[in-house]
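Taking it in order: structure first as structure tokens, then the write-up.
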Amino acid sequence: MSILSLMDVKKFFPTAQGVVRAVDGVSFDIGKGETLGLVGESGSGKSTVAYTVIGSHAPTSGSISFEGEDIGLQASKRPLSIKKRLQIVFQDPGTSLNSARTIRQTLEVPLKVHGNGMSRQQRLERVVGLLDLIQLPPAYMHKTPGMLSGGEKQMVGIARALATGPSFVILDEPTSALDVSVQAKIITMLMDFQRRFELSYLFITHDLSLMRNVASRVAIMYLGKLCEVAGTSEFFRNPLHPYTQLLLSSIPVLSDEEERLKPGQVISRGEIPSPVNIPSGCSFHLRCHRKMEICEHKDPEMVDTDQGHRVRCHLYP
Ligand SMILES: Nc1ncnc2c1ncn2[C@@H]1O[C@H](COP(=O)(O)OP(=O)(O)O)[C@@H](O)[C@H]1O
Ligand SMILES: [Mg+2]
């Protein structure tokens, strides 16, 4: 059974320049203990998906269910029991932590909201426990974010998300702002927490190579729509969408076998268009190396090619 399910979710923003179709009909399911990697270039709508799931945005249309309950509502209208189980870690640990609060105060906020009358002493013990979890000494509770490294700040962001004992965590580019060495440490921690606390993750990134060892399934997003979704090994073995092939052609390979399987050089034509002015037909056609005539005027439907391998491209009718 899936823990999170999105059905044809749309989120449009009216602006002075026109309507931004940031998320335009996204559907996916995430099973218990699974990690779905949501991958796309900057501006493809990944964070808007995250904010809609977490409830900062109400969807324009479509439905979202979490642990069997319909949650297509703004966070302010959601029951506390849902907020407690559904948490988020943001990309920029610098701005997501309140610089005026000590780490103890930051970690106590969710405990006060969701702690069901925990005593001061119990909260303190929980803060020490959370710091231990992220391998920071108890004395860190007295520090403010300005005294922490970028990696430490992000670990506090993760501890804050885990404070309420969630079942599902959205990770919105959790390591994109960090050095590679720190990135590896944080990913290892996240994978460890997933096993220990039976967490499901929506792991958002623009770095497809990161997904190989982290995701159970990978979903590729382009201009507000998914173009391909598949189990991770199937995804890397048999990428179908020309956009996926473009993304894969620019990441390093790990073995000779992969070198053989890797799509040959794929040429990207043009830049990512603006989501206000989405091209007619398939929104990727202007950059596609396999473009056909139909692609200019007909937007393809998502089709299931094989058990759970979905692709939205006229090459696969
Ligand atoms: N509140 C908003 N108002 C208007 N446009 C927005 C808003 N939030 C996001 N967008 C636009 O929606 C598109 C998708 O943004 P976002 O979800 O942040 O992409 P990503 O996280 O993949 O980089 C972008 O073009 C962005 O400018
Ligand atoms: Mg983003």
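Here, A, B, ... name the chains of the structure tokens in the order displayed, residue numbers run from 1 inside each chain, and ligands are numbered from 1 in the same displayed order.
Residues of protein, DNA or RNA lying at most 8 Å from ligand 2, when only C-alpha atoms and all ligand atoms are considered, are Ser42, Gly43, Gly45, Lys46, Ser47, Thr48, Gln91, Asp172 and Glu173 of chain A.
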task = Write out as an MDAnalysis selection string each polymer residue (protein, DNA or RNA) that has an atom no more than 9 Å from ligand 1, with only C-alpha atoms and all ligand atoms counted.
result = chainID A and resid 11:15 19:23 39:51 57 172:173 204:206 221:224 274:276
Please provide as a tab-separated table (two decimals) with C-alpha atoms, in the first residue's frame all residues within 9 Å of His314 (chain A), with the sequence filter that same-chain residues fewer than 4 positions apart are discarded (counting only C-alpha atoms).
```
chain	number	residue	atom	x	y	z
A	282	CYS	CA	5.32	18.00	-26.11
A	291	LYS	CA	11.62	14.95	-32.36
A	292	MET	CA	8.91	13.89	-34.80
A	294	ILE	CA	3.49	14.93	-34.04
A	295	CYS	CA	5.56	16.25	-31.11
A	298	LYS	CA	0.27	16.88	-29.57
A	299	ASP	CA	1.25	16.49	-25.93
A	300	PRO	CA	1.89	12.77	-25.30
A	301	GLU	CA	0.05	10.81	-22.60
```
request  = With a distance cut-off of 10 Å and only C-alpha atoms, select the neighbouring residues of Ser167 (chain A), excluding the residue or stretch itself and same-chain residues fewer than 2 positions from it, and output the selection as a ChimeraX atom specification.
outcome  = /A:3,32-33,67,82,84-87,162,164-165,169,194,197-201
Could you write those residues out with N, CA, C and O atoms, as a PDB file, in the first residue's frame?
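Generated output (part.pdb):
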```
ATOM      1  N   ILE A   3       2.016   5.052   0.820  1.00  0.00           N
ATOM      2  CA  ILE A   3       1.892   5.966   1.964  1.00  0.00           C
ATOM      3  C   ILE A   3       1.515   7.367   1.470  1.00  0.00           C
ATOM      4  O   ILE A   3       0.743   8.074   2.110  1.00  0.00           O
ATOM      5  N   LYS A  32       5.553   2.366   1.457  1.00  0.00           N
ATOM      6  CA  LYS A  32       6.163   2.440   2.779  1.00  0.00           C
ATOM      7  C   LYS A  32       7.634   2.018   2.708  1.00  0.00           C
ATOM      8  O   LYS A  32       7.968   1.009   2.103  1.00  0.00           O
ATOM      9  N   GLY A  33       8.494   2.840   3.284  1.00  0.00           N
ATOM     10  CA  GLY A  33       9.920   2.539   3.311  1.00  0.00           C
ATOM     11  C   GLY A  33      10.642   2.823   2.004  1.00  0.00           C
ATOM     12  O   GLY A  33      11.844   2.613   1.895  1.00  0.00           O
ATOM     13  N   GLU A  67      -1.174   8.320   3.961  1.00  0.00           N
ATOM     14  CA  GLU A  67      -1.613   7.252   4.868  1.00  0.00           C
ATOM     15  C   GLU A  67      -3.132   7.042   4.758  1.00  0.00           C
ATOM     16  O   GLU A  67      -3.833   6.907   5.761  1.00  0.00           O
ATOM     17  N   ILE A  82      -1.518  14.787  11.069  1.00  0.00           N
ATOM     18  CA  ILE A  82      -0.904  14.656   9.740  1.00  0.00           C
ATOM     19  C   ILE A  82       0.424  15.408   9.705  1.00  0.00           C
ATOM     20  O   ILE A  82       1.438  14.890   9.235  1.00  0.00           O
ATOM     21  N   LYS A  84       2.418  16.036  11.998  1.00  0.00           N
ATOM     22  CA  LYS A  84       3.404  15.334  12.802  1.00  0.00           C
ATOM     23  C   LYS A  84       4.078  14.208  12.010  1.00  0.00           C
ATOM     24  O   LYS A  84       5.253  13.933  12.183  1.00  0.00           O
ATOM     25  N   ARG A  85       3.313  13.567  11.129  1.00  0.00           N
ATOM     26  CA  ARG A  85       3.814  12.397  10.399  1.00  0.00           C
ATOM     27  C   ARG A  85       4.472  12.746   9.064  1.00  0.00           C
ATOM     28  O   ARG A  85       5.080  11.908   8.430  1.00  0.00           O
ATOM     29  N   LEU A  86       4.270  14.003   8.620  1.00  0.00           N
ATOM     30  CA  LEU A  86       4.724  14.422   7.292  1.00  0.00           C
ATOM     31  C   LEU A  86       5.617  15.649   7.463  1.00  0.00           C
ATOM     32  O   LEU A  86       5.133  16.718   7.828  1.00  0.00           O
ATOM     33  N   GLN A  87       6.916  15.476   7.235  1.00  0.00           N
ATOM     34  CA  GLN A  87       7.858  16.552   7.521  1.00  0.00           C
ATOM     35  C   GLN A  87       8.718  16.876   6.309  1.00  0.00           C
ATOM     36  O   GLN A  87       8.735  16.118   5.335  1.00  0.00           O
ATOM     37  N   LEU A 162      12.859  15.168  12.215  1.00  0.00           N
ATOM     38  CA  LEU A 162      12.646  13.856  12.845  1.00  0.00           C
ATOM     39  C   LEU A 162      12.071  13.964  14.260  1.00  0.00           C
ATOM     40  O   LEU A 162      11.632  12.960  14.831  1.00  0.00           O
ATOM     41  N   THR A 164       9.403  14.923  15.588  1.00  0.00           N
ATOM     42  CA  THR A 164       8.020  14.524  15.874  1.00  0.00           C
ATOM     43  C   THR A 164       7.750  13.049  15.563  1.00  0.00           C
ATOM     44  O   THR A 164       6.614  12.591  15.670  1.00  0.00           O
ATOM     45  N   GLY A 165       8.778  12.339  15.118  1.00  0.00           N
ATOM     46  CA  GLY A 165       8.579  10.924  14.771  1.00  0.00           C
ATOM     47  C   GLY A 165       7.742  10.734  13.517  1.00  0.00           C
ATOM     48  O   GLY A 165       6.731  10.033  13.524  1.00  0.00           O
ATOM     49  N   VAL A 169       9.251  11.851   5.029  1.00  0.00           N
ATOM     50  CA  VAL A 169      10.019  13.095   5.009  1.00  0.00           C
ATOM     51  C   VAL A 169      10.306  13.488   3.561  1.00  0.00           C
ATOM     52  O   VAL A 169      10.765  12.677   2.761  1.00  0.00           O
ATOM     53  N   GLN A 194      16.462   6.170   7.620  1.00  0.00           N
ATOM     54  CA  GLN A 194      15.344   5.553   6.896  1.00  0.00           C
ATOM     55  C   GLN A 194      15.111   4.125   7.382  1.00  0.00           C
ATOM     56  O   GLN A 194      13.979   3.723   7.640  1.00  0.00           O
ATOM     57  N   PHE A 197      14.069   4.145  11.368  1.00  0.00           N
ATOM     58  CA  PHE A 197      12.755   4.707  11.731  1.00  0.00           C
ATOM     59  C   PHE A 197      11.675   4.382  10.707  1.00  0.00           C
ATOM     60  O   PHE A 197      10.600   4.982  10.728  1.00  0.00           O
ATOM     61  N   GLU A 198      11.981   3.456   9.792  1.00  0.00           N
ATOM     62  CA  GLU A 198      11.018   3.037   8.767  1.00  0.00           C
ATOM     63  C   GLU A 198      10.398   4.223   8.045  1.00  0.00           C
ATOM     64  O   GLU A 198       9.175   4.364   7.963  1.00  0.00           O
ATOM     65  N   LEU A 199      11.274   5.096   7.544  1.00  0.00           N
ATOM     66  CA  LEU A 199      10.793   6.311   6.884  1.00  0.00           C
ATOM     67  C   LEU A 199      10.600   6.088   5.393  1.00  0.00           C
ATOM     68  O   LEU A 199      11.296   5.281   4.776  1.00  0.00           O
ATOM     69  N   SER A 200       9.668   6.819   4.824  1.00  0.00           N
ATOM     70  CA  SER A 200       9.564   6.914   3.372  1.00  0.00           C
ATOM     71  C   SER A 200      10.049   8.312   3.002  1.00  0.00           C
ATOM     72  O   SER A 200       9.804   9.271   3.740  1.00  0.00           O
ATOM     73  N   TYR A 201      10.728   8.395   1.856  1.00  0.00           N
ATOM     74  CA  TYR A 201      11.275   9.690   1.434  1.00  0.00           C
ATOM     75  C   TYR A 201      10.791  10.082   0.040  1.00  0.00           C
ATOM     76  O   TYR A 201      10.706   9.238  -0.856  1.00  0.00           O
TER      77      TYR A 201
END
```
ask   = Nearest to Pro93 (chain A): which of A:Pro273, A:Gly37, A:Pro138, A:Gly146 is it, counting only C-alpha atoms?
value =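 Among the listed residues, the smallest separation from Pro93 (chain A) belongs to A:Gly146.
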request  = Pick out the closest residue to Leu4 (chain A) from this set: A:Ile170, A:Leu131, A:Asn98, A:Lys77. Count only C-alpha atoms.
outcome  =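 Smallest separation from Leu4 (chain A) among the options: A:Ile170.
Here the DSSP assignment of strand (DSSP E or B), based on backbone atoms, applies within region 25-198 of chain A to Gly25, Val26, Ser27, Phe28, Asp29, Ile30, Gly31, Thr35, Leu36, Gly37, Leu38, Val39, Ser61, Gly62, Ser63, Ile64, Ser65, Phe66, Glu69, Asp70, Leu86, Gln87, Ile88, Val89, Phe168, Val169, Ile170, Leu171 and Asp172 of chain A.
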message = What's the separation between CA of Val180 (chain A) and CA of Glu228 (chain A), in Å to one decimal place?
response =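 Calculated distance between CA of Val180 (chain A) and CA of Glu228 (chain A) is 27.4 Å.
Among A:Ser76, A:Ser283, A:Thr144, A:Ser65, the residue with the shortest atom-to-atom distance to Thr102 (chain A), counting only C-alpha atoms, is A:Thr144.
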task = Taking the DSSP assignment computed from this structure's backbone, write out as a VMD selection string all residues of region 40-111 of chain A that belong to helix (DSSP H, G or I).
result = chain A and resid 46 to 54 75 to 77 80 to 85 93 to 96 103 to 111
key: Option closest in space to Ala58 (chain A), from A:Ile30, A:Leu111, A:Ala219, A:Val9 [counting only C-alpha atoms]   =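 Between A:Ile30, A:Leu111, A:Ala219, A:Val9, the residue approaching Ala58 (chain A) most closely is A:Val9.
Picture a line from CA of Gln154 (chain A) to CA of Gly115 (chain A); it runs 22.6 Å.
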query = Rounded to one decimal in Å, what is the spacing between CA of Val229 (chain A) and CA of Asp179 (chain A)?
reply = 28.7 Å
